[in-house]
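**Student:** Structure: structure-v2.txt, compact mmCIF, C-alpha atoms.
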```
# COMPACT_ATOMS: atom_id res chain seq x y z
CA MET A 156 3.24 -64.23 11.56
CA GLY A 157 5.67 -63.35 14.32
CA ARG A 158 9.10 -61.94 13.55
CA ASP A 159 10.84 -65.10 14.79
CA ASP A 160 8.53 -67.30 12.73
CA PHE A 161 9.30 -65.25 9.66
CA ILE A 162 13.07 -65.55 10.23
CA ILE A 163 12.76 -69.31 10.73
CA SER A 164 10.70 -69.61 7.51
CA ALA A 165 13.18 -67.47 5.57
CA ARG A 166 16.13 -69.52 6.83
CA SER A 167 14.31 -72.73 5.97
CA VAL A 168 13.45 -71.53 2.44
CA PHE A 169 16.76 -69.94 1.49
CA LEU A 170 19.35 -72.07 3.25
CA ASN A 171 17.93 -75.57 3.82
CA LYS A 172 18.69 -77.90 0.99
CA GLY A 173 15.88 -80.31 1.82
CA ASN A 174 15.43 -83.82 0.47
CA ARG A 175 17.39 -84.60 -2.70
CA GLN A 176 18.36 -80.92 -3.21
CA LYS A 177 22.03 -80.41 -4.03
CA PHE A 178 21.99 -76.60 -3.92
CA SER A 179 20.31 -74.11 -1.63
CA LEU A 180 18.05 -71.49 -3.18
CA LEU A 181 20.25 -68.66 -1.94
CA THR A 182 23.34 -70.11 -3.70
CA LEU A 183 21.49 -70.47 -7.00
CA ILE A 184 19.97 -66.98 -6.82
CA ILE A 185 23.44 -65.52 -6.21
CA ILE A 186 24.83 -67.51 -9.18
CA SER A 187 21.95 -66.23 -11.35
CA ILE A 188 22.71 -62.63 -10.36
CA ILE A 189 26.42 -63.14 -11.15
CA ILE A 190 25.55 -64.62 -14.59
CA LEU A 191 23.16 -61.72 -15.21
CA SER A 192 25.83 -59.17 -14.33
CA LEU A 193 28.22 -60.86 -16.81
CA GLU A 194 25.87 -59.71 -19.61
CA TYR A 195 27.74 -56.40 -19.54
CA PHE A 196 30.85 -58.15 -20.96
CA LYS A 197 30.25 -58.16 -24.69
CA SER A 198 33.70 -59.38 -25.74
CA GLY A 199 36.57 -61.56 -24.53
CA PRO A 200 36.49 -65.10 -23.13
CA ILE A 201 33.19 -64.60 -21.27
CA ASN A 202 31.49 -63.72 -24.54
CA GLN A 203 33.03 -66.78 -26.22
CA ILE A 204 31.80 -69.09 -23.47
CA ARG A 205 28.36 -67.49 -23.77
CA MET A 206 28.33 -68.02 -27.55
CA ILE A 207 29.30 -71.69 -27.25
CA THR A 208 26.64 -72.21 -24.56
CA LYS A 209 24.03 -70.58 -26.79
CA ASP A 210 25.06 -72.74 -29.77
CA VAL A 211 24.74 -75.95 -27.76
CA ILE A 212 21.36 -74.96 -26.29
CA ILE A 213 19.91 -73.78 -29.61
CA LYS A 214 20.94 -77.01 -31.38
CA SER A 215 19.48 -79.13 -28.54
CA SER A 216 16.30 -77.09 -28.60
CA TYR A 217 16.00 -77.75 -32.34
CA VAL A 218 16.19 -81.52 -31.73
CA VAL A 219 13.67 -81.45 -28.85
CA SER A 220 11.15 -79.26 -30.67
CA ALA A 221 11.35 -81.34 -33.88
CA PRO A 222 8.30 -83.54 -33.05
CA PHE A 223 6.21 -80.46 -32.17
CA LYS A 224 7.34 -78.79 -35.38
CA SER A 225 6.29 -81.80 -37.42
CA ILE A 226 2.83 -81.74 -35.78
CA SER A 227 2.35 -78.09 -36.72
CA LYS A 228 3.68 -78.85 -40.23
CA SER A 229 1.11 -81.64 -40.62
CA TYR A 230 -1.63 -79.29 -39.49
CA PHE A 231 -0.66 -76.66 -42.07
CA SER A 232 -0.38 -79.25 -44.85
CA LEU A 233 -3.88 -80.51 -43.97
CA ILE A 234 -5.24 -76.95 -44.18
CA ASP A 235 -3.40 -76.49 -47.50
CA HIS A 236 -4.96 -79.71 -48.75
CA PHE A 237 -8.48 -78.46 -48.02
CA ASN A 238 -7.77 -75.12 -49.69
CA MET A 239 -6.19 -76.69 -52.76
CA TYR A 240 -9.04 -76.11 -55.20
CA ASP A 241 -9.50 -72.42 -54.30
CA GLU A 242 -5.76 -71.91 -54.52
CA TYR A 243 -5.70 -73.56 -57.94
CA GLU A 244 -8.37 -71.21 -59.28
CA LYS A 245 -6.50 -68.18 -57.92
CA LEU A 246 -3.19 -69.42 -59.31
CA LYS A 247 -4.67 -69.89 -62.79
CA ILE A 248 -5.54 -66.19 -62.89
CA ALA A 249 -2.24 -65.18 -61.33
CA GLU A 250 -0.28 -67.27 -63.85
CA THR A 251 -1.65 -65.28 -66.79
CA LYS A 252 -0.76 -62.01 -65.08
CA ASN A 253 2.69 -63.33 -64.20
CA LYS A 254 3.51 -64.23 -67.78
CA ASN A 255 2.88 -60.64 -68.85
CA LEU A 256 4.84 -59.31 -65.89
CA THR A 257 7.82 -61.57 -66.63
CA LEU A 258 8.03 -60.24 -70.17
CA GLU A 259 7.76 -56.69 -68.87
CA ASN A 260 10.36 -57.41 -66.19
CA ASN A 261 12.84 -58.80 -68.70
CA PHE A 262 12.47 -55.69 -70.80
CA PHE A 263 13.10 -53.42 -67.80
CA LYS A 264 16.09 -55.51 -66.68
CA GLU A 265 17.75 -55.16 -70.06
CA GLU A 266 16.95 -51.48 -70.17
CA ASN A 267 18.35 -51.02 -66.67
CA GLN A 268 21.62 -52.76 -67.55
CA ARG A 269 21.94 -50.68 -70.69
CA LEU A 270 21.39 -47.44 -68.77
CA LYS A 271 23.82 -48.50 -66.02
CA LYS A 272 26.47 -49.06 -68.65
CA LEU A 273 25.82 -45.60 -70.02
CA LEU A 274 26.19 -44.11 -66.52
CA ASP A 275 29.27 -46.29 -65.84
CA GLU A 276 27.82 -47.19 -62.42
CA LYS A 277 29.49 -49.89 -60.37
CA ASN A 278 27.81 -52.12 -57.81
CA LEU A 279 28.66 -50.77 -54.39
CA TYR A 280 27.99 -54.08 -52.70
CA LYS A 281 29.22 -57.35 -54.03
CA GLU A 282 27.17 -59.78 -52.04
CA GLU A 283 27.04 -63.49 -51.51
CA PHE A 284 24.39 -65.37 -49.61
CA TYR A 285 23.79 -68.63 -47.82
CA VAL A 286 20.52 -70.45 -48.03
CA THR A 287 20.16 -71.63 -44.46
CA LYS A 288 17.70 -73.61 -42.40
CA VAL A 289 15.58 -71.99 -39.71
CA LEU A 290 16.22 -73.90 -36.47
CA LEU A 291 13.64 -72.19 -34.28
CA ASP A 292 11.13 -69.41 -34.63
CA GLN A 293 10.17 -67.18 -31.74
CA LYS A 294 6.87 -65.38 -31.94
CA SER A 295 5.93 -63.83 -28.65
CA PRO A 296 4.64 -60.29 -27.98
CA TYR A 297 8.18 -59.27 -27.00
CA LEU A 298 10.19 -61.08 -29.58
CA ARG A 299 9.73 -62.02 -33.19
CA SER A 300 12.91 -63.66 -34.30
CA LEU A 301 14.36 -66.68 -36.09
CA LEU A 302 17.33 -68.80 -35.13
CA ILE A 303 19.35 -70.02 -38.10
CA ASN A 304 21.98 -72.64 -38.73
CA LYS A 305 24.88 -70.31 -39.66
CA GLY A 306 27.12 -68.23 -37.44
CA PHE A 307 30.21 -66.08 -37.59
CA LYS A 308 32.25 -69.15 -38.56
CA HIS A 309 30.45 -68.83 -41.92
CA GLY A 310 31.08 -65.11 -42.22
CA ILE A 311 27.70 -63.94 -40.91
CA LYS A 312 28.05 -60.53 -39.32
CA LEU A 313 25.77 -58.34 -37.23
CA GLY A 314 23.35 -56.32 -39.35
CA ALA A 315 23.45 -58.69 -42.34
CA ALA A 316 20.28 -58.63 -44.46
CA VAL A 317 18.05 -61.69 -44.52
CA ARG A 318 15.54 -62.55 -47.22
CA SER A 319 12.79 -65.07 -47.62
CA ASP A 320 12.47 -65.69 -51.37
CA SER A 321 13.14 -62.22 -52.77
CA TYR A 322 11.68 -60.30 -49.86
CA PHE A 323 13.49 -58.63 -47.00
CA ILE A 324 12.44 -60.13 -43.68
CA GLY A 325 14.98 -58.90 -41.15
CA LYS A 326 18.59 -58.60 -40.10
CA VAL A 327 21.08 -60.51 -37.99
CA VAL A 328 21.20 -59.18 -34.42
CA ASP A 329 23.18 -61.88 -32.65
CA SER A 330 25.87 -64.04 -34.22
CA ASN A 331 27.18 -67.06 -32.31
CA TYR A 332 29.83 -69.47 -33.55
CA LEU A 333 27.44 -71.82 -35.40
CA THR A 334 24.06 -70.14 -35.07
CA SER A 335 22.63 -66.64 -35.44
CA ARG A 336 19.48 -64.80 -34.43
CA ILE A 337 17.50 -62.78 -36.95
CA LEU A 338 15.30 -59.96 -35.74
CA LEU A 339 12.22 -59.93 -37.98
CA ILE A 340 10.96 -56.61 -39.36
CA SER A 341 7.70 -57.19 -37.50
CA ASP A 342 9.50 -57.15 -34.11
CA LEU A 343 8.75 -54.26 -31.80
CA ASN A 344 12.39 -53.16 -31.77
CA SER A 345 12.97 -53.36 -35.52
CA LYS A 346 13.68 -50.04 -37.30
CA ILE A 347 14.62 -50.23 -40.99
CA PRO A 348 15.31 -47.28 -43.31
CA ILE A 349 13.01 -47.57 -46.32
CA VAL A 350 12.11 -45.83 -49.52
CA ILE A 351 8.55 -45.78 -50.85
CA GLU A 352 7.95 -45.88 -54.59
CA PRO A 353 6.63 -44.07 -56.58
CA GLY A 354 7.95 -40.78 -55.32
CA SER A 355 11.16 -42.05 -53.62
CA VAL A 356 9.89 -41.05 -50.18
CA SER A 357 12.34 -41.95 -47.41
CA ALA A 358 11.07 -43.08 -44.00
CA ILE A 359 11.62 -45.61 -41.24
CA LEU A 360 9.71 -48.88 -41.05
CA SER A 361 8.95 -49.92 -37.50
CA GLY A 362 7.61 -53.30 -36.37
CA THR A 363 4.65 -53.47 -34.03
CA GLY A 364 5.16 -56.91 -32.55
CA ASN A 365 1.49 -57.85 -32.46
CA ASN A 366 0.04 -57.68 -35.96
CA ASP A 367 1.00 -58.13 -39.58
CA LEU A 368 1.17 -54.46 -40.58
CA GLY A 369 4.33 -52.41 -40.10
CA GLU A 370 4.24 -48.76 -39.08
CA ILE A 371 5.90 -45.97 -41.03
CA GLU A 372 7.72 -43.34 -39.01
CA TYR A 373 9.39 -40.02 -39.92
CA LEU A 374 7.31 -39.52 -43.05
CA PRO A 375 7.77 -36.05 -44.58
CA GLU A 376 4.57 -34.10 -43.87
CA LYS A 377 4.18 -32.73 -47.40
CA LYS A 378 4.51 -36.12 -49.08
CA ASN A 379 1.33 -37.94 -49.89
CA ILE A 380 1.57 -41.69 -49.75
CA GLU A 381 -0.88 -43.62 -51.88
CA GLU A 382 -2.25 -47.08 -51.27
CA GLY A 383 -0.46 -49.75 -53.30
CA GLY A 384 2.97 -48.08 -53.21
CA ILE A 385 5.89 -50.48 -52.89
CA VAL A 386 8.28 -50.30 -49.95
CA TYR A 387 11.96 -51.13 -50.49
CA THR A 388 15.03 -51.00 -48.26
CA SER A 389 16.77 -47.65 -48.77
CA GLY A 390 20.26 -48.85 -47.86
CA SER A 391 20.93 -45.58 -46.06
CA ASP A 392 22.25 -47.40 -42.98
CA GLY A 393 25.20 -48.57 -45.10
CA VAL A 394 24.76 -52.21 -44.06
CA ILE A 395 21.66 -53.44 -45.89
CA SER A 396 21.60 -53.14 -49.68
CA SER A 397 19.09 -50.83 -51.26
CA GLY A 398 16.12 -51.88 -53.35
CA ILE A 399 15.10 -55.09 -51.56
CA PRO A 400 11.29 -55.30 -51.65
CA ILE A 401 9.59 -55.39 -48.23
CA GLY A 402 5.87 -54.86 -48.75
CA LYS A 403 3.18 -52.61 -50.10
CA ILE A 404 1.33 -49.65 -48.64
CA VAL A 405 -2.16 -50.19 -47.28
CA LEU A 406 -4.32 -47.60 -45.56
CA ASP A 407 -5.44 -48.49 -42.06
CA ASN A 408 -7.73 -45.78 -40.61
CA ASN A 409 -6.26 -43.40 -43.22
CA GLN A 410 -2.79 -44.10 -41.86
CA PRO A 411 -0.30 -45.64 -44.30
CA LYS A 412 0.93 -49.01 -43.05
CA VAL A 413 3.10 -51.67 -44.64
CA ASP A 414 1.65 -55.04 -45.58
CA TYR A 415 4.68 -57.35 -45.71
CA PHE A 416 5.21 -59.48 -48.80
CA ALA A 417 6.79 -62.29 -46.81
CA ASP A 418 4.63 -64.72 -44.83
CA PHE A 419 6.43 -64.96 -41.49
CA THR A 420 4.39 -67.92 -40.28
CA GLN A 421 5.88 -70.54 -42.55
CA ILE A 422 9.51 -69.69 -43.15
CA ASN A 423 11.71 -72.78 -43.26
CA PHE A 424 14.72 -71.50 -45.22
CA VAL A 425 16.16 -68.02 -45.53
CA LYS A 426 18.90 -66.31 -47.51
CA VAL A 427 21.49 -64.63 -45.31
CA TYR A 428 23.67 -62.12 -47.10
CA TYR A 429 27.30 -61.51 -46.31
CA LYS A 430 29.92 -59.28 -47.87
CA LYS A 431 33.14 -60.71 -49.24
CA MET B 230 16.00 -106.78 -15.58
CA SER B 231 17.24 -104.81 -12.59
CA ILE B 232 18.88 -102.27 -14.92
CA ILE B 233 15.54 -101.76 -16.69
CA ASN B 234 13.78 -101.35 -13.35
CA LYS B 235 16.41 -98.88 -12.16
CA THR B 236 16.16 -96.86 -15.38
CA TYR B 237 12.37 -96.86 -15.12
CA SER B 238 12.52 -95.65 -11.50
CA THR B 239 14.98 -92.89 -12.43
CA PHE B 240 12.75 -91.88 -15.33
CA LEU B 241 9.73 -91.62 -13.02
CA ALA B 242 11.72 -89.60 -10.49
CA ILE B 243 12.86 -87.06 -13.07
CA PHE B 244 9.61 -87.03 -15.04
CA PRO B 245 8.51 -83.57 -13.73
CA VAL B 246 11.91 -82.17 -14.73
CA ILE B 247 11.56 -83.65 -18.22
CA ILE B 248 8.17 -81.92 -18.59
CA LEU B 249 9.74 -78.62 -17.49
CA PHE B 250 12.61 -78.93 -19.98
CA ILE B 251 10.27 -79.78 -22.85
CA SER B 252 8.09 -76.82 -21.90
CA VAL B 253 11.10 -74.47 -21.88
CA LEU B 254 12.66 -75.81 -25.09
CA THR B 255 9.39 -75.56 -27.00
CA ASN B 256 8.48 -72.19 -25.51
CA SER B 257 7.65 -70.67 -28.90
CA LYS B 258 4.70 -73.04 -29.28
CA HIS B 259 2.80 -71.64 -26.29
CA ASN B 260 1.68 -68.47 -28.04
CA PHE B 261 -1.76 -68.10 -29.56
CA THR B 262 -3.24 -65.21 -31.47
CA TYR B 263 -6.75 -64.11 -30.56
CA ASP B 264 -8.24 -61.02 -32.17
CA GLU B 265 -4.77 -59.75 -33.11
CA ASN B 266 -3.62 -60.12 -29.49
CA TYR B 267 -0.95 -62.58 -28.52
CA LEU B 268 -1.87 -64.81 -25.63
CA SER B 269 1.43 -65.99 -24.33
CA PHE B 270 1.03 -68.73 -21.71
CA ASN B 271 3.99 -69.25 -19.46
CA ILE B 272 3.56 -72.94 -18.78
CA SER B 273 6.96 -73.13 -17.06
CA TYR B 274 5.63 -70.92 -14.23
CA ILE B 275 2.74 -73.34 -13.66
CA ILE B 276 4.95 -76.45 -13.73
CA ILE B 277 7.50 -74.98 -11.31
CA PHE B 278 4.83 -73.59 -8.99
CA PHE B 279 2.86 -76.82 -8.93
CA TRP B 280 5.74 -79.20 -8.31
CA THR B 281 7.74 -77.08 -5.90
CA LEU B 282 4.56 -76.63 -3.86
CA LYS B 283 3.36 -80.24 -3.95
CA ARG B 284 6.46 -82.35 -4.25
CA PRO B 285 9.70 -80.38 -4.06
CA GLU B 286 11.74 -83.55 -3.46
CA TYR B 287 11.26 -84.49 -7.15
CA PHE B 288 12.14 -81.07 -8.47
CA GLY B 289 15.78 -80.11 -7.93
CA TYR B 290 16.55 -76.38 -7.69
CA GLY B 291 19.63 -76.98 -9.86
CA PHE B 292 17.40 -78.22 -12.68
CA ILE B 293 15.13 -75.18 -12.27
CA PHE B 294 18.15 -72.89 -12.46
CA PHE B 295 19.38 -74.68 -15.60
CA SER B 296 15.94 -74.54 -17.25
CA GLY B 297 16.00 -70.77 -16.68
CA ILE B 298 19.29 -70.53 -18.56
CA LEU B 299 17.80 -72.59 -21.42
CA ASN B 300 14.77 -70.30 -21.53
CA ASP B 301 16.96 -67.18 -21.67
CA VAL B 302 18.96 -68.49 -24.62
CA ILE B 303 15.83 -69.41 -26.54
CA GLN B 304 13.99 -66.19 -25.71
CA ASN B 305 17.09 -64.02 -26.30
CA ASN B 306 16.84 -62.62 -22.77
CA PRO B 307 19.90 -61.60 -20.76
CA LEU B 308 21.27 -64.86 -19.32
CA GLY B 309 20.16 -65.44 -15.74
CA ILE B 310 16.90 -63.48 -15.71
CA SER B 311 14.60 -66.50 -16.08
CA SER B 312 16.60 -68.41 -13.46
CA ILE B 313 15.94 -65.57 -11.03
CA GLU B 314 12.23 -65.63 -11.93
CA TYR B 315 11.93 -69.39 -11.53
CA LEU B 316 13.90 -69.44 -8.29
CA SER B 317 11.71 -66.58 -6.98
CA ILE B 318 8.69 -68.84 -7.52
CA CYS B 319 10.51 -71.53 -5.51
CA VAL B 320 11.12 -69.01 -2.69
CA LEU B 321 7.43 -68.08 -2.64
CA THR B 322 6.20 -71.68 -2.70
CA GLY B 323 8.76 -72.47 0.00
CA PHE B 324 7.16 -69.84 2.24
CA VAL B 325 3.69 -71.24 1.58
CA ARG B 326 4.84 -74.77 2.38
CA THR B 327 6.17 -73.67 5.74
CA ARG B 328 2.96 -71.81 6.65
CA ILE B 329 0.09 -73.89 5.24
CA ILE B 330 -0.76 -77.42 6.31
CA LEU B 331 -3.81 -78.18 4.17
CA GLN B 332 -3.77 -77.13 0.56
CA ASN B 333 -6.62 -76.75 -1.86
CA LEU B 334 -6.93 -75.63 -5.45
CA ILE B 335 -8.54 -72.24 -4.73
CA TYR B 336 -5.83 -71.19 -2.23
CA ASP B 337 -3.17 -72.40 -4.63
CA TRP B 338 -4.77 -70.51 -7.49
CA VAL B 339 -4.95 -67.23 -5.57
CA PHE B 340 -1.40 -67.65 -4.36
CA PHE B 341 -0.30 -68.48 -7.90
CA LEU B 342 -1.71 -65.12 -9.04
CA ILE B 343 0.26 -63.30 -6.33
CA SER B 344 3.41 -65.23 -7.24
CA ILE B 345 3.26 -64.54 -10.97
CA LEU B 346 2.52 -60.87 -10.35
CA ILE B 347 5.64 -60.64 -8.17
CA VAL B 348 7.72 -62.59 -10.71
CA GLY B 349 6.31 -60.52 -13.61
CA SER B 350 7.30 -57.34 -11.76
CA ILE B 351 10.85 -58.67 -11.24
CA ASN B 352 11.01 -59.51 -14.95
CA TYR B 353 9.72 -56.05 -15.96
CA ILE B 354 12.06 -54.17 -13.60
CA ILE B 355 15.19 -56.06 -14.71
CA LEU B 356 14.43 -55.86 -18.43
CA VAL B 357 13.22 -52.28 -18.61
CA TYR B 358 15.17 -50.47 -15.90
CA ILE B 359 18.47 -52.38 -15.87
CA PHE B 360 18.86 -53.60 -19.47
CA ASN B 361 16.73 -50.93 -21.19
CA ILE B 362 14.88 -53.55 -23.23
CA PRO B 363 11.42 -52.20 -24.14
CA ILE B 364 8.58 -54.65 -23.54
CA VAL B 365 4.86 -54.09 -24.02
CA TYR B 366 3.39 -53.77 -20.54
CA ASN B 367 -0.12 -54.72 -21.69
CA SER B 368 1.12 -57.88 -23.38
CA LEU B 369 3.03 -58.85 -20.24
CA LEU B 370 -0.09 -58.40 -18.10
CA LEU B 371 -2.29 -60.19 -20.63
CA GLY B 372 0.18 -63.11 -20.71
CA LEU B 373 0.24 -63.34 -16.92
CA PHE B 374 -3.55 -63.20 -16.79
CA ALA B 375 -3.85 -65.95 -19.42
CA THR B 376 -1.36 -68.06 -17.43
CA PHE B 377 -3.43 -67.44 -14.27
CA LEU B 378 -6.63 -68.54 -16.04
CA ILE B 379 -5.27 -71.86 -17.28
CA TYR B 380 -3.69 -72.77 -13.92
CA PRO B 381 -6.62 -74.89 -12.58
CA LEU B 382 -6.80 -76.91 -15.79
CA LEU B 383 -3.07 -77.58 -15.93
CA ALA B 384 -2.94 -78.21 -12.17
CA LYS B 385 -5.55 -80.96 -12.62
CA ILE B 386 -3.51 -82.53 -15.44
CA LEU B 387 -0.28 -82.27 -13.43
CA SER B 388 -2.04 -83.75 -10.37
CA TRP B 389 -3.13 -86.69 -12.46
CA ILE B 390 0.44 -87.15 -13.80
CA ASP B 391 1.76 -86.87 -10.24
CA ASN B 392 -0.69 -89.53 -9.01
CA VAL B 393 0.32 -91.90 -11.82
CA VAL B 394 4.02 -91.36 -11.04
CA GLN B 395 3.47 -91.87 -7.30
CA VAL B 396 1.49 -95.08 -7.84
CA ARG B 397 4.28 -96.46 -10.05
CA ILE B 398 6.95 -95.47 -7.52
CA ASN B 399 5.02 -97.10 -4.65
CA ASP B 400 4.49 -100.24 -6.74
CA LYS B 401 8.24 -100.44 -7.29
CA LYS B 402 8.92 -100.03 -3.57
CA ASN B 403 6.40 -102.73 -2.60
CA LYS B 404 7.74 -105.31 -5.05
```
Please re-express this file's structure in structure tokens.

**Tutor:**
Amino acid sequence: MGRDDFIISARSVFLNKGNRQKFSLLTLIIISIIILSLEYFKSGPINQIRMITKDVIIKSSYVVSAPFKSISKSYFSLIDHFNMYDEYEKLKIAETKNKNLTLENNFFKEENQRLKKLLDEKNLYKEEFYVTKVLLDQKSPYLRSLLINKGFKHGIKLGAAVRSDSYFIGKVVDSNYLTSRILLISDLNSKIPIVIEPGSVSAILSGTGNNDLGEIEYLPEKKNIEEGGIVYTSGSDGVISSGIPIGKIVLDNNQPKVDYFADFTQINFVKVYYKK
Amino acid sequence: MSIINKTYSTFLAIFPVIILFISVLTNSKHNFTYDENYLSFNISYIIIFFWTLKRPEYFGYGFIFFSGILNDVIQNNPLGISSIEYLSICVLTGFVRTRIILQNLIYDWVFFLISILIVGSINYIILVYIFNIPIVYNSLLLGLFATFLIYPLLAKILSWIDNVVQVRINDKKNK
């Protein structure tokens, strides 16, 4: 390709609008770069416009993806239907165990309250929560997050803890006016301070982004972690309450990993905690 | 009746754009797990590449820019990055259109690989070096490779859709 030919091609590609095109490619690329550079403004009117734009797009995306969601829901319900008998047999056994555990749990609860009274301990965090619908779930190698139907209008703040049933699943990383994004604990960028019981061993739980087991970082060398230990939030970051169950320890190639209690694949509603 | 005909014609003309928007808005559904590895197909790349190469008159750059913004919001990327990626594909297909007279699937496929590698590099450089967002390099490459592999299949389907749309449009013109 001669130099002149190349210049003619470049001019044609970047500047010519062509049939039915309202913008040239060069104009749109420049606009994209300007929008990208505005990402550095994290407050003020630009941030507000960005939040409103995100709210509108997330809500529209929820409506558009509804038929696809219902297809995947039907698929899972069909699978559940086929597995019903096996599940029933398992549940029968689990029910007996649960009854015993409930009785034991009630006893410990009462004992705990009694001991707290003796120690005159006060709750550091008085928390309230919203049960909110999951609008969209993002599960790609780079991002494992949920978009929920509550934003800072409802008092949701950055770092707020999110649970599915009783289990910790992640924290709020982006709060728009009406919607928020939750970063799941399995995300590559998720780092949560934890405590492992028994032994009260403190460490950091790190997501891997591509499988169901979480990695444990900054484990004290002298501490021995046994399989079956329960992992709770430690609350040492001062934002997330302590003692929320996350998962249990399993050994993977003699390395302790965390098997999450929550099933991230079928979360429809979550509890988002906020402080009054 | 004429209003119905007009609406139908408009629908046919913007049909490729509708497919792109649906693909972007349901992006989370294009990920599959195989042997604990995520195969993340980027169907938007294929749709944009195919239609801007074959029939750019039905695929406005403004819509492509807007679909990039939608994708960024849904993927939690810095706003504007996907628009740059998508428009880069348009630049590359624009160059091919000006240089090649006869197209065939194999040439398109090879050129698609080159395009997505360039676009993937732009994505990686902006995310990692400018915004300091860590991404798994292997997963990015695996995703691009998976997208490359399914191109012929999707290109056949899109060709068929394009033929149907063109036949309908010609029928309308001849009536």

**Student:** Need to verify the contact set: range 325-335 of chain A, 7 Å, only C-alpha atoms, exclusion of same-chain residues closer than 2 positions in sequence. Can you return it as a list in words?

**Tutor:** Met206, Ile207, Asp210, Leu302, Ile303, Asn304, Lys305, Gly306, Phe307, Lys308, Ile311, Lys312, Leu313, Gly314, Ala315, Ala316, Val317, Phe323, Ile337, Leu338, Leu339 and Ile340 of chain A

**Student:** Could you pull the residues within 12 Å of range 397-401 of chain B, counting only C-alpha atoms, minus those fewer than 2 positions along the same chain, as a list of chain:residue names?

**Tutor:** B:Ser231, B:Ile233, B:Asn234, B:Lys235, B:Thr236, B:Tyr237, B:Ser238, B:Thr239, B:Phe240, B:Leu241, B:Ala242, B:Ile243, B:Phe244, B:Tyr287, B:Ile390, B:Asp391, B:Asn392, B:Val393, B:Val394, B:Gln395, B:Asn403, B:Lys404

**Student:** I need the chain B residues near chain A as a PyMOL selection string; criterion: at most 8 Å, counting only C-alpha atoms.

**Tutor:** chain B and resi 251+254-255+257+260+265-267+269+286-287+289-291+294+299+302-304+307-310+312-313+316+319-320+323-324+327+363-365+368

**Student:** Rounded to one decimal in Å, what is the spacing between CA of Pro285 in chain B and CA of Leu387 in chain B?

**Tutor:**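 For CA of Pro285 in chain B relative to CA of Leu387 in chain B, the distance reads 13.8 Å.
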
**Student:** Between B:Ile362, B:Leu370, B:Val325, B:Ile386, single out the one closest to Asp337 in chain B, counting only C-alpha atoms.

**Tutor:** B:Val325

**Student:** Report, in Å to a single decimal, how far apart CA of Ile343 in chain B and CA of Ala375 in chain B are.

**Tutor:**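 Rounded to one decimal, the two atoms are 14.0 Å apart.
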
**Student:** I'd like the neighbourhood of Asn333 in chain B as an mmCIF file with C-alpha atoms, keeping the file's coordinate frame, where a residue qualifies if any of its atoms comes within 12 Å (using all atoms listed in the file), though same-chain residues fewer than 4 positions away should be ignored.

**Tutor:**
```
data_model
loop_
_atom_site.group_PDB
_atom_site.id
_atom_site.type_symbol
_atom_site.label_atom_id
_atom_site.label_comp_id
_atom_site.auth_asym_id
_atom_site.auth_seq_id
_atom_site.Cartn_x
_atom_site.Cartn_y
_atom_site.Cartn_z
ATOM 1 C CA PHE B 279 2.860 -76.820 -8.930
ATOM 2 C CA LEU B 282 4.560 -76.630 -3.860
ATOM 3 C CA LYS B 283 3.360 -80.240 -3.950
ATOM 4 C CA ILE B 329 0.090 -73.890 5.240
ATOM 5 C CA ASP B 337 -3.170 -72.400 -4.630
ATOM 6 C CA TRP B 338 -4.770 -70.510 -7.490
ATOM 7 C CA VAL B 339 -4.950 -67.230 -5.570
ATOM 8 C CA PHE B 340 -1.400 -67.650 -4.360
ATOM 9 C CA PRO B 381 -6.620 -74.890 -12.580
ATOM 10 C CA ALA B 384 -2.940 -78.210 -12.170
ATOM 11 C CA LYS B 385 -5.550 -80.960 -12.620
ATOM 12 C CA SER B 388 -2.040 -83.750 -10.370
#
```

**Student:** Given the point (-0.6, -69.6, -13.6) in the coordinates of this file, which residues lie within 6 Å, counting all atoms listed in the file, and how would they look as an mmCIF file with C-alpha atoms, keeping the file's coordinate frame?

**Tutor:**
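After the write, result_39.cif holds the following:
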```
data_model
loop_
_atom_site.group_PDB
_atom_site.id
_atom_site.type_symbol
_atom_site.label_atom_id
_atom_site.label_comp_id
_atom_site.auth_asym_id
_atom_site.auth_seq_id
_atom_site.Cartn_x
_atom_site.Cartn_y
_atom_site.Cartn_z
ATOM 1 C CA ILE B 275 2.740 -73.340 -13.660
ATOM 2 C CA PHE B 341 -0.300 -68.480 -7.900
ATOM 3 C CA THR B 376 -1.360 -68.060 -17.430
ATOM 4 C CA PHE B 377 -3.430 -67.440 -14.270
ATOM 5 C CA TYR B 380 -3.690 -72.770 -13.920
#
```

**Student:** Could you work out how far CA of Thr251 in chain A lies from CA of Asn267 in chain A, giving the answer in Å with one decimal?

**Tutor:**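 Calculated distance between CA of Asn267 in chain A and CA of Thr251 in chain A is 24.6 Å.
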
**Student:** Go through B:Ile318, B:Leu378, B:Ile335, B:Ile247 and flag the residue nearest Tyr274 in chain B, using only C-alpha atoms for the distances.

**Tutor:**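 Of B:Ile318, B:Leu378, B:Ile335, B:Ile247, the one nearest Tyr274 in chain B is B:Ile318, counting only C-alpha atoms.
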
**Student:** Nearest to Leu342 in chain B among B:Leu321, B:Leu249, B:Ile330, B:Val357, with distances taken over only C-alpha atoms: which residue is it?

**Tutor:**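 Using only C-alpha atoms, Leu342 in chain B sits closest to B:Leu321.
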
**Student:** Could you tell me which of A:Lys228, A:Gly390, A:Lys346, A:Ser321 comes closest to Thr420 in chain A if we count all atoms listed in the file?

**Tutor:**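 Comparing A:Lys228, A:Gly390, A:Lys346, A:Ser321 against Thr420 in chain A, the winner is A:Lys228.
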